[in-house]
file run.tsv (TSV, C-alpha atoms and all ligand atoms)
chain	number	residue	atom	x	y	z
A	1	MET	CA	0.00	0.00	0.00
A	2	LEU	CA	2.73	2.45	1.03
A	3	LYS	CA	4.72	1.45	-2.02
A	4	VAL	CA	1.77	2.23	-4.25
A	5	LEU	CA	1.30	5.62	-2.58
A	6	ALA	CA	5.00	6.41	-2.94
A	7	LEU	CA	4.86	5.44	-6.60
A	8	LEU	CA	1.84	7.68	-7.17
A	9	LEU	CA	3.66	10.59	-5.54
A	10	VAL	CA	6.69	10.05	-7.74
A	11	MET	CA	4.51	9.87	-10.85
A	12	ALA	CA	2.31	12.85	-9.96
A	13	PRO	CA	4.41	15.61	-11.55
A	14	SER	CA	4.60	13.80	-14.89
A	15	LEU	CA	0.83	13.40	-14.87
A	16	GLY	CA	0.43	17.16	-15.12
A	17	CYS	CA	-0.75	16.72	-18.67
A	18	ALA	CA	-1.19	19.97	-20.59
A	19	THR	CA	-3.32	18.69	-23.43
A	20	THR	CA	-4.69	21.95	-24.75
A	21	ARG	CA	-3.31	25.38	-25.37
A	22	GLY	CA	-5.77	26.82	-22.85
A	23	GLU	CA	-4.63	24.50	-20.06
A	24	LEU	CA	-1.02	25.10	-20.94
A	25	ASN	CA	-1.48	28.86	-20.79
A	26	LYS	CA	-3.09	28.64	-17.34
A	27	ALA	CA	-0.47	26.28	-15.87
A	28	LYS	CA	1.44	27.80	-12.96
A	29	SER	CA	4.92	27.29	-11.61
A	30	PRO	CA	6.41	24.90	-10.68
A	31	PHE	CA	5.84	23.56	-14.16
A	32	ALA	CA	5.70	19.87	-15.06
A	33	LEU	CA	6.58	17.85	-18.14
A	34	PRO	CA	3.33	16.91	-19.89
A	35	GLU	CA	2.80	13.48	-21.37
A	36	LEU	CA	3.02	13.07	-25.12
A	37	GLY	CA	-0.51	11.77	-25.51
A	38	TYR	CA	0.74	8.90	-27.76
A	39	ALA	CA	3.54	6.34	-27.70
A	40	ALA	CA	7.09	7.50	-28.49
A	41	ASN	CA	7.04	5.36	-31.65
A	42	ALA	CA	3.61	6.58	-32.82
A	43	LEU	CA	4.97	9.23	-35.19
A	44	ALA	CA	7.46	6.93	-36.92
A	45	PRO	CA	8.69	6.87	-39.61
A	46	VAL	CA	8.09	10.64	-39.94
A	47	ILE	CA	9.67	11.22	-36.52
A	48	ASP	CA	11.56	8.22	-35.16
A	49	GLU	CA	11.18	6.80	-31.66
A	50	ALA	CA	14.71	7.64	-30.46
A	51	THR	CA	14.22	11.27	-31.48
A	52	MET	CA	10.91	11.42	-29.61
A	53	ASN	CA	12.40	9.90	-26.46
A	54	LEU	CA	15.32	12.32	-26.47
A	55	HIS	CA	13.26	15.30	-27.55
A	56	HIS	CA	10.52	14.84	-24.97
A	57	GLY	CA	12.32	13.03	-22.15
A	58	LYS	CA	15.61	14.94	-22.23
A	59	HIS	CA	15.31	18.24	-24.14
A	60	HIS	CA	11.80	19.20	-23.06
A	61	LYS	CA	12.40	17.97	-19.50
A	62	ALA	CA	15.51	20.13	-19.28
A	63	TYR	CA	13.50	23.20	-20.34
A	64	VAL	CA	10.98	22.47	-17.58
A	65	ASP	CA	13.65	21.91	-14.92
A	66	ASN	CA	15.68	24.96	-15.95
A	67	LEU	CA	12.56	27.14	-16.10
A	68	ASN	CA	11.56	26.13	-12.58
A	69	ALA	CA	15.10	26.81	-11.37
A	70	ALA	CA	15.17	30.23	-13.06
A	71	LEU	CA	11.91	31.49	-11.53
A	72	GLY	CA	11.86	33.14	-8.12
A	73	GLU	CA	9.36	33.07	-5.24
A	74	GLN	CA	7.63	36.13	-6.68
A	75	ASP	CA	6.83	34.20	-9.87
A	76	LYS	CA	5.01	31.37	-8.10
A	77	ALA	CA	1.35	31.38	-9.04
A	78	LYS	CA	2.02	33.26	-12.27
A	79	SER	CA	0.68	31.55	-15.36
A	80	LEU	CA	3.07	30.60	-18.15
A	81	VAL	CA	1.31	32.88	-20.60
A	82	GLU	CA	1.62	35.83	-18.16
A	83	ILE	CA	5.32	35.16	-17.79
A	84	LEU	CA	5.83	34.93	-21.57
A	85	GLY	CA	3.77	38.08	-22.12
A	86	SER	CA	6.26	40.09	-20.06
A	87	VAL	CA	9.34	37.99	-20.75
A	88	SER	CA	11.44	41.05	-21.60
A	89	LYS	CA	11.50	41.78	-17.85
A	90	TYR	CA	12.98	38.37	-17.04
A	91	PRO	CA	16.48	36.92	-17.37
A	92	ASP	CA	17.32	35.09	-20.61
A	93	ALA	CA	16.97	31.74	-18.82
A	94	VAL	CA	13.23	32.37	-18.45
A	95	ARG	CA	12.86	33.43	-22.08
A	96	ASN	CA	14.74	30.38	-23.36
A	97	ASN	CA	13.33	27.75	-21.02
A	98	GLY	CA	9.84	29.23	-20.64
A	99	GLY	CA	9.59	29.36	-24.42
A	100	GLY	CA	11.08	25.88	-24.62
A	101	HIS	CA	8.45	24.50	-22.26
A	102	TRP	CA	5.50	26.24	-23.95
A	103	ASN	CA	6.62	25.49	-27.50
A	104	HIS	CA	7.21	21.79	-26.96
A	105	SER	CA	4.04	21.26	-24.90
A	106	PHE	CA	2.09	22.84	-27.76
A	107	PHE	CA	4.00	21.00	-30.49
A	108	TRP	CA	3.26	17.51	-29.08
A	109	THR	CA	-0.47	18.17	-29.21
A	110	LEU	CA	-0.38	19.05	-32.93
A	111	MET	CA	0.67	15.59	-34.09
A	112	ASN	CA	-0.58	12.04	-34.14
A	113	SER	CA	0.25	8.76	-35.89
A	114	GLU	CA	-0.13	8.84	-39.66
A	115	GLU	CA	-3.14	6.56	-39.41
A	116	LYS	CA	-4.93	8.78	-36.89
A	117	ALA	CA	-3.80	12.05	-38.43
A	118	ALA	CA	-5.14	10.97	-41.81
A	119	LYS	CA	-8.62	10.67	-40.27
A	120	THR	CA	-8.59	14.23	-38.95
A	121	LYS	CA	-10.13	17.02	-40.97
A	122	MET	CA	-9.55	20.72	-41.09
A	123	SER	CA	-12.60	22.72	-39.99
A	124	SER	CA	-14.31	24.73	-42.71
A	125	ALA	CA	-13.59	27.90	-40.69
A	126	LEU	CA	-9.85	27.20	-40.71
A	127	ARG	CA	-9.92	26.31	-44.40
A	128	LYS	CA	-11.73	29.56	-45.21
A	129	ASP	CA	-9.30	31.65	-43.18
A	130	LEU	CA	-6.29	29.94	-44.79
A	131	GLU	CA	-7.76	30.58	-48.23
A	132	LYS	CA	-8.39	34.21	-47.30
A	133	SER	CA	-4.81	34.74	-46.14
A	134	PHE	CA	-2.85	32.53	-48.54
A	135	GLY	CA	-5.12	31.93	-51.53
A	136	SER	CA	-5.35	28.18	-50.93
A	137	VAL	CA	-4.44	25.52	-48.38
A	138	GLU	CA	-1.73	24.30	-50.74
A	139	ASN	CA	-0.23	27.79	-50.92
A	140	PHE	CA	-0.34	28.05	-47.15
A	141	LYS	CA	1.57	24.76	-46.83
A	142	LYS	CA	4.13	25.90	-49.38
A	143	GLU	CA	4.65	29.22	-47.60
A	144	PHE	CA	4.88	27.52	-44.20
A	145	GLU	CA	7.51	25.11	-45.55
A	146	THR	CA	9.47	28.01	-47.04
A	147	GLN	CA	9.51	29.81	-43.69
A	148	ALA	CA	10.43	26.62	-41.79
A	149	LYS	CA	13.30	25.90	-44.18
A	150	GLY	CA	14.38	29.54	-43.94
A	151	VAL	CA	14.97	29.60	-40.18
A	152	PHE	CA	18.71	30.15	-39.88
A	153	GLY	CA	20.08	27.92	-37.13
A	154	SER	CA	17.62	26.88	-34.42
A	155	GLY	CA	14.04	28.04	-34.21
A	156	TRP	CA	10.40	27.51	-35.06
A	157	ALA	CA	7.87	28.15	-37.82
A	158	TRP	CA	4.38	29.27	-36.78
A	159	LEU	CA	0.89	29.79	-38.03
A	160	VAL	CA	-0.40	32.63	-35.88
A	161	LYS	CA	-3.83	34.17	-35.39
A	162	THR	CA	-3.22	37.86	-34.77
A	163	ASP	CA	-5.40	39.99	-32.49
A	164	ASP	CA	-7.44	41.19	-35.46
A	165	GLY	CA	-8.20	37.56	-36.38
A	166	LYS	CA	-5.86	37.32	-39.37
A	167	LEU	CA	-3.76	34.21	-40.05
A	168	VAL	CA	-0.08	34.87	-40.66
A	169	ILE	CA	3.06	32.75	-40.88
A	170	ALA	CA	6.03	33.69	-38.73
A	171	LYS	CA	9.38	32.29	-37.74
A	172	THR	CA	11.19	32.74	-34.45
A	173	ALA	CA	14.75	32.11	-33.35
A	174	ASN	CA	15.72	29.76	-30.53
A	175	GLN	CA	12.70	29.19	-28.24
A	176	ASP	CA	10.98	32.52	-28.81
A	177	ASN	CA	7.27	32.42	-29.65
A	178	PRO	CA	4.39	34.74	-30.68
A	179	LEU	CA	3.09	34.98	-27.08
A	180	MET	CA	6.22	36.88	-26.01
A	181	ASP	CA	6.23	40.65	-25.71
A	182	ILE	CA	9.52	40.66	-27.64
A	183	ALA	CA	8.07	38.81	-30.66
A	184	ALA	CA	8.02	40.56	-34.04
A	185	VAL	CA	4.71	38.82	-34.88
A	186	LYS	CA	2.38	38.52	-31.89
A	187	GLY	CA	-0.75	36.45	-31.55
A	188	LYS	CA	-2.13	33.04	-30.74
A	189	PRO	CA	-0.22	30.08	-32.17
A	190	VAL	CA	-2.41	27.76	-34.26
A	191	LEU	CA	0.31	25.48	-35.65
A	192	ALA	CA	4.05	25.19	-35.04
A	193	LEU	CA	7.04	23.24	-36.28
A	194	ASP	CA	10.26	22.76	-34.36
A	195	VAL	CA	13.19	23.07	-36.79
A	196	TRP	CA	15.99	22.69	-34.27
A	197	GLU	CA	18.36	19.96	-35.45
A	198	HIS	CA	17.50	17.91	-32.36
A	199	ALA	CA	13.98	17.57	-33.77
A	200	TYR	CA	15.01	15.72	-36.94
A	201	TYR	CA	18.73	15.00	-37.18
A	202	LEU	CA	18.73	11.26	-36.35
A	203	THR	CA	16.46	10.47	-39.31
A	204	TYR	CA	17.05	13.34	-41.71
A	205	GLN	CA	20.60	14.55	-40.92
A	206	ASN	CA	21.05	17.79	-42.90
A	207	LYS	CA	17.86	17.33	-44.95
A	208	ARG	CA	15.57	19.68	-43.08
A	209	ALA	CA	13.42	20.13	-46.18
A	210	ASP	CA	12.42	16.43	-46.11
A	211	TYR	CA	11.46	16.64	-42.44
A	212	VAL	CA	9.39	19.76	-43.09
A	213	ALA	CA	7.64	18.17	-46.09
A	214	ASN	CA	6.87	14.99	-44.11
A	215	PHE	CA	5.43	16.95	-41.18
A	216	TRP	CA	2.05	17.25	-42.95
A	217	ARG	CA	1.63	13.45	-42.75
A	218	ILE	CA	1.30	13.61	-38.95
A	219	VAL	CA	-0.53	16.90	-38.39
A	220	ASP	CA	-3.73	16.46	-36.38
A	221	TRP	CA	-6.01	18.91	-38.18
A	222	LYS	CA	-8.80	18.42	-35.68
A	223	GLN	CA	-6.56	19.78	-32.93
A	224	VAL	CA	-5.21	22.58	-35.11
A	225	SER	CA	-8.79	23.56	-35.98
A	226	LYS	CA	-9.60	23.69	-32.26
A	227	TYR	CA	-6.72	26.08	-31.66
A	228	HIS	CA	-7.89	28.17	-34.57
A	229	ALA	CA	-11.42	28.34	-33.07
A	230	GLU	CA	-10.26	29.28	-29.54
A	231	ARG	CA	-10.66	32.95	-28.72
B	301	MN	MN	12.83	20.93	-29.71
call {"tool": "encode", "arguments": {"input": "run.tsv", "output": "structure tokens", "more": "lines below"}}
Ligand code: MN
result
Amino acid sequence: MLKVLALLLVMAPSLGCATTRGELNKAKSPFALPELGYAANALAPVIDEATMNLHHGKHHKAYVDNLNAALGEQDKAKSLVEILGSVSKYPDAVRNNGGGHWNHSFFWTLMNSEEKAAKTKMSSALRKDLEKSFGSVENFKKEFETQAKGVFGSGWAWLVKTDDGKLVIAKTANQDNPLMDIAAVKGKPVLALDVWEHAYYLTYQNKRADYVANFWRIVDWKQVSKYHAER
């Protein structure tokens, strides 16, 4: 009995599962590593199992641990989105690791196995908005790929809903994101792609373009449509 209780206590932090953007934004420090929501091999062969284990279990966990270590007493009970919204007032460790935690937690929720992803459909509202901003869904994908391939060094590509409801594509360096007060393009992330080498190097080596092109095979459009619909 005691052993079971002890095990539950040990597991509790990892059960802090941020499954939606809303929950993630409301999460307060100390922050916890969310679960993936699928097995580490579920995204293979687009993203291999070893990459997922390292990316989630080591890289993302380090962002969470370093973020918690970088925050002070006065930051307890602040939501992650509040912290990111005034990140210019914090040390770089909060910008890098707070962004790292938010970005990866969000990223995991955007994907699913090829089989499951193929069954998800884009909402008509998202389709209409993409057509309005980019002419067609195909054009949007092309433009998103161009931006993702164009990130110099480490960073992210984003589909962002700006405050006036427009969809735009942006790229950020390192772990910056559109929720940060320092971002050039601000708004609510709808879709994101991690183009750090740690996200794809084991399978793709230097071929980032192949990783970016394959990403569409595992995008969960139902989830992306939900993010698009959230106010
Ligand atoms: Mn990453």
call {"tool": "residues_around", "arguments": {"input": "run.tsv", "residues": "stretch 166-177 of chain A", "least_positions_apart": "5", "cutoff": "7 Å", "atoms": "all atoms listed in the file", "output": "number ranges by chain"}}
result
A: 96, 99-100, 129-130, 133, 144, 147, 151, 154-161, 183, 185
call {"tool": "closest_atom_pairs", "arguments": {"input": "run.tsv", "of": "chain A", "to": "ligand MN 301 (chain B)", "cutoff": "7 Å", "atoms": "all atoms listed in the file", "output": "tab-separated table"}}
result
residue	atom	partner	partner_atom	distance
A:His55	CA	B:MN301	MN	6.0
A:His59	CA	B:MN301	MN	6.7
A:His60	CA	B:MN301	MN	6.9
A:His104	CA	B:MN301	MN	6.3
A:Asp194	CA	B:MN301	MN	5.6
A:Trp196	CA	B:MN301	MN	5.8
A:His198	CA	B:MN301	MN	6.2
A:Ala199	CA	B:MN301	MN	5.4
call {"tool": "residues_around", "arguments": {"input": "run.tsv", "residues": "A:Asn97", "least_positions_apart": "5", "cutoff": "7 Å", "atoms": "only C-alpha atoms", "output": "list in words"}}
result
Tyr63, Val64, Asn66 and Leu67 of chain A
call {"tool": "residues_around", "arguments": {"input": "run.tsv", "residues": "A:Leu71", "least_positions_apart": "2", "cutoff": "12 Å", "atoms": "only C-alpha atoms", "output": "JSON, numbers by chain"}}
result
{"A": [28, 29, 30, 31, 64, 65, 66, 67, 68, 69, 73, 74, 75, 76, 77, 78, 79, 80, 83, 87, 90, 91, 92, 93, 94, 95, 97, 98]}
call {"tool": "write_last_selection", "arguments": {"input": "run.tsv", "atoms": "C-alpha atoms", "output": "mmCIF file, in the frame of the given file"}}
result
data_model
loop_
_atom_site.group_PDB
_atom_site.id
_atom_site.type_symbol
_atom_site.label_atom_id
_atom_site.label_comp_id
_atom_site.auth_asym_id
_atom_site.auth_seq_id
_atom_site.Cartn_x
_atom_site.Cartn_y
_atom_site.Cartn_z
ATOM 1 C CA LYS A 28 1.440 27.800 -12.960
ATOM 2 C CA SER A 29 4.920 27.290 -11.610
ATOM 3 C CA PRO A 30 6.410 24.900 -10.680
ATOM 4 C CA PHE A 31 5.840 23.560 -14.160
ATOM 5 C CA VAL A 64 10.980 22.470 -17.580
ATOM 6 C CA ASP A 65 13.650 21.910 -14.920
ATOM 7 C CA ASN A 66 15.680 24.960 -15.950
ATOM 8 C CA LEU A 67 12.560 27.140 -16.100
ATOM 9 C CA ASN A 68 11.560 26.130 -12.580
ATOM 10 C CA ALA A 69 15.100 26.810 -11.370
ATOM 11 C CA GLU A 73 9.360 33.070 -5.240
ATOM 12 C CA GLN A 74 7.630 36.130 -6.680
ATOM 13 C CA ASP A 75 6.830 34.200 -9.870
ATOM 14 C CA LYS A 76 5.010 31.370 -8.100
ATOM 15 C CA ALA A 77 1.350 31.380 -9.040
ATOM 16 C CA LYS A 78 2.020 33.260 -12.270
ATOM 17 C CA SER A 79 0.680 31.550 -15.360
ATOM 18 C CA LEU A 80 3.070 30.600 -18.150
ATOM 19 C CA ILE A 83 5.320 35.160 -17.790
ATOM 20 C CA VAL A 87 9.340 37.990 -20.750
ATOM 21 C CA TYR A 90 12.980 38.370 -17.040
ATOM 22 C CA PRO A 91 16.480 36.920 -17.370
ATOM 23 C CA ASP A 92 17.320 35.090 -20.610
ATOM 24 C CA ALA A 93 16.970 31.740 -18.820
ATOM 25 C CA VAL A 94 13.230 32.370 -18.450
ATOM 26 C CA ARG A 95 12.860 33.430 -22.080
ATOM 27 C CA ASN A 97 13.330 27.750 -21.020
ATOM 28 C CA GLY A 98 9.840 29.230 -20.640
#
call {"tool": "closest_residue", "arguments": {"input": "run.tsv", "among": "A:Glu49, A:Glu131, A:Glu23, A:Asp220", "to": "A:Leu202", "atoms": "only C-alpha atoms"}}
result
A:Glu49
call {"tool": "atom_distance", "arguments": {"input": "run.tsv", "atom1": "atom CA of A:Ser136", "atom2": "atom CA of A:Lys121"}}
result
15.7 Å
call {"tool": "residues_around", "arguments": {"input": "run.tsv", "residues": "A:Ser113", "least_positions_apart": "4", "cutoff": "7 Å", "atoms": "only C-alpha atoms", "output": "ChimeraX atom specification"}}
result
/A:42-43,117,218
call {"tool": "closest_residue", "arguments": {"input": "run.tsv", "among": "A:Phe215, A:Phe140, A:Tyr227, A:Tyr201", "to": "A:Thr20", "atoms": "only C-alpha atoms"}}
result
A:Tyr227
call {"tool": "closest_residue", "arguments": {"input": "run.tsv", "among": "A:Thr162, A:Thr51, A:Asn214, A:Gln223", "to": "A:Lys116", "atoms": "all atoms listed in the file"}}
result
A:Gln223
call {"tool": "build_atoms", "arguments": {"input": "run.tsv", "residues": "stretch 199-225 of chain A", "atoms": "N, CA, C and O atoms", "output": "JSON list (two decimals), in the coordinates of the input"}}
result
[["chain", "number", "residue", "atom", "x", "y", "z"],
["A", 199, "ALA", "N", 15.32, 18.04, -33.43],
["A", 199, "ALA", "CA", 13.98, 17.57, -33.77],
["A", 199, "ALA", "C", 13.98, 16.57, -34.92],
["A", 199, "ALA", "O", 13.01, 15.85, -35.11],
["A", 200, "TYR", "N", 15.06, 16.55, -35.72],
["A", 200, "TYR", "CA", 15.01, 15.72, -36.94],
["A", 200, "TYR", "C", 16.32, 15.06, -37.33],
["A", 200, "TYR", "O", 16.36, 14.23, -38.24],
["A", 201, "TYR", "N", 17.42, 15.37, -36.65],
["A", 201, "TYR", "CA", 18.73, 15.00, -37.18],
["A", 201, "TYR", "C", 18.98, 13.49, -37.28],
["A", 201, "TYR", "O", 19.65, 13.03, -38.20],
["A", 202, "LEU", "N", 18.46, 12.71, -36.34],
["A", 202, "LEU", "CA", 18.73, 11.26, -36.35],
["A", 202, "LEU", "C", 18.20, 10.60, -37.62],
["A", 202, "LEU", "O", 18.83, 9.70, -38.17],
["A", 203, "THR", "N", 17.04, 11.04, -38.10],
["A", 203, "THR", "CA", 16.46, 10.47, -39.31],
["A", 203, "THR", "C", 16.90, 11.22, -40.56],
["A", 203, "THR", "O", 17.21, 10.61, -41.59],
["A", 204, "TYR", "N", 16.91, 12.53, -40.49],
["A", 204, "TYR", "CA", 17.05, 13.34, -41.71],
["A", 204, "TYR", "C", 18.44, 13.95, -41.91],
["A", 204, "TYR", "O", 18.71, 14.50, -42.97],
["A", 205, "GLN", "N", 19.29, 13.86, -40.89],
["A", 205, "GLN", "CA", 20.60, 14.55, -40.92],
["A", 205, "GLN", "C", 20.42, 16.00, -41.39],
["A", 205, "GLN", "O", 19.63, 16.72, -40.81],
["A", 206, "ASN", "N", 21.10, 16.38, -42.47],
["A", 206, "ASN", "CA", 21.05, 17.79, -42.90],
["A", 206, "ASN", "C", 19.84, 18.11, -43.77],
["A", 206, "ASN", "O", 19.67, 19.23, -44.22],
["A", 207, "LYS", "N", 18.97, 17.11, -44.00],
["A", 207, "LYS", "CA", 17.86, 17.33, -44.95],
["A", 207, "LYS", "C", 16.62, 17.86, -44.25],
["A", 207, "LYS", "O", 15.59, 17.18, -44.16],
["A", 208, "ARG", "N", 16.70, 19.08, -43.77],
["A", 208, "ARG", "CA", 15.57, 19.68, -43.08],
["A", 208, "ARG", "C", 14.33, 19.76, -43.97],
["A", 208, "ARG", "O", 13.20, 19.59, -43.51],
["A", 209, "ALA", "N", 14.56, 19.99, -45.25],
["A", 209, "ALA", "CA", 13.42, 20.13, -46.18],
["A", 209, "ALA", "C", 12.55, 18.87, -46.20],
["A", 209, "ALA", "O", 11.33, 18.96, -46.30],
["A", 210, "ASP", "N", 13.18, 17.69, -46.10],
["A", 210, "ASP", "CA", 12.42, 16.43, -46.11],
["A", 210, "ASP", "C", 11.58, 16.30, -44.84],
["A", 210, "ASP", "O", 10.43, 15.85, -44.87],
["A", 211, "TYR", "N", 12.18, 16.67, -43.72],
["A", 211, "TYR", "CA", 11.46, 16.64, -42.44],
["A", 211, "TYR", "C", 10.25, 17.58, -42.49],
["A", 211, "TYR", "O", 9.14, 17.21, -42.12],
["A", 212, "VAL", "N", 10.46, 18.76, -43.01],
["A", 212, "VAL", "CA", 9.39, 19.76, -43.09],
["A", 212, "VAL", "C", 8.27, 19.26, -44.01],
["A", 212, "VAL", "O", 7.09, 19.37, -43.68],
["A", 213, "ALA", "N", 8.65, 18.67, -45.15],
["A", 213, "ALA", "CA", 7.64, 18.17, -46.09],
["A", 213, "ALA", "C", 6.85, 17.00, -45.49],
["A", 213, "ALA", "O", 5.64, 16.88, -45.69],
["A", 214, "ASN", "N", 7.53, 16.15, -44.71],
["A", 214, "ASN", "CA", 6.87, 14.99, -44.11],
["A", 214, "ASN", "C", 5.97, 15.35, -42.94],
["A", 214, "ASN", "O", 5.09, 14.58, -42.56],
["A", 215, "PHE", "N", 6.21, 16.51, -42.35],
["A", 215, "PHE", "CA", 5.43, 16.95, -41.18],
["A", 215, "PHE", "C", 3.93, 16.87, -41.44],
["A", 215, "PHE", "O", 3.16, 16.44, -40.58],
["A", 216, "TRP", "N", 3.49, 17.24, -42.64],
["A", 216, "TRP", "CA", 2.05, 17.25, -42.95],
["A", 216, "TRP", "C", 1.40, 15.90, -42.76],
["A", 216, "TRP", "O", 0.20, 15.81, -42.50],
["A", 217, "ARG", "N", 2.19, 14.82, -42.88],
["A", 217, "ARG", "CA", 1.63, 13.45, -42.75],
["A", 217, "ARG", "C", 1.16, 13.15, -41.33],
["A", 217, "ARG", "O", 0.38, 12.22, -41.11],
["A", 218, "ILE", "N", 1.65, 13.91, -40.35],
["A", 218, "ILE", "CA", 1.30, 13.61, -38.95],
["A", 218, "ILE", "C", 0.60, 14.77, -38.26],
["A", 218, "ILE", "O", 0.41, 14.75, -37.04],
["A", 219, "VAL", "N", 0.18, 15.77, -39.01],
["A", 219, "VAL", "CA", -0.53, 16.90, -38.39],
["A", 219, "VAL", "C", -1.97, 16.48, -38.07],
["A", 219, "VAL", "O", -2.67, 15.94, -38.91],
["A", 220, "ASP", "N", -2.36, 16.74, -36.84],
["A", 220, "ASP", "CA", -3.73, 16.46, -36.38],
["A", 220, "ASP", "C", -4.57, 17.71, -36.65],
["A", 220, "ASP", "O", -4.58, 18.66, -35.86],
["A", 221, "TRP", "N", -5.27, 17.71, -37.77],
["A", 221, "TRP", "CA", -6.01, 18.91, -38.18],
["A", 221, "TRP", "C", -7.20, 19.21, -37.29],
["A", 221, "TRP", "O", -7.64, 20.36, -37.20],
["A", 222, "LYS", "N", -7.68, 18.19, -36.61],
["A", 222, "LYS", "CA", -8.80, 18.42, -35.68],
["A", 222, "LYS", "C", -8.31, 19.32, -34.54],
["A", 222, "LYS", "O", -8.98, 20.28, -34.15],
["A", 223, "GLN", "N", -7.12, 18.99, -34.03],
["A", 223, "GLN", "CA", -6.56, 19.78, -32.93],
["A", 223, "GLN", "C", -6.19, 21.19, -33.41],
["A", 223, "GLN", "O", -6.44, 22.18, -32.72],
["A", 224, "VAL", "N", -5.59, 21.27, -34.57],
["A", 224, "VAL", "CA", -5.21, 22.58, -35.11],
["A", 224, "VAL", "C", -6.46, 23.44, -35.31],
["A", 224, "VAL", "O", -6.46, 24.63, -34.99],
["A", 225, "SER", "N", -7.54, 22.82, -35.79],
["A", 225, "SER", "CA", -8.79, 23.56, -35.98],
["A", 225, "SER", "C", -9.35, 24.06, -34.66],
["A", 225, "SER", "O", -9.93, 25.15, -34.58]]
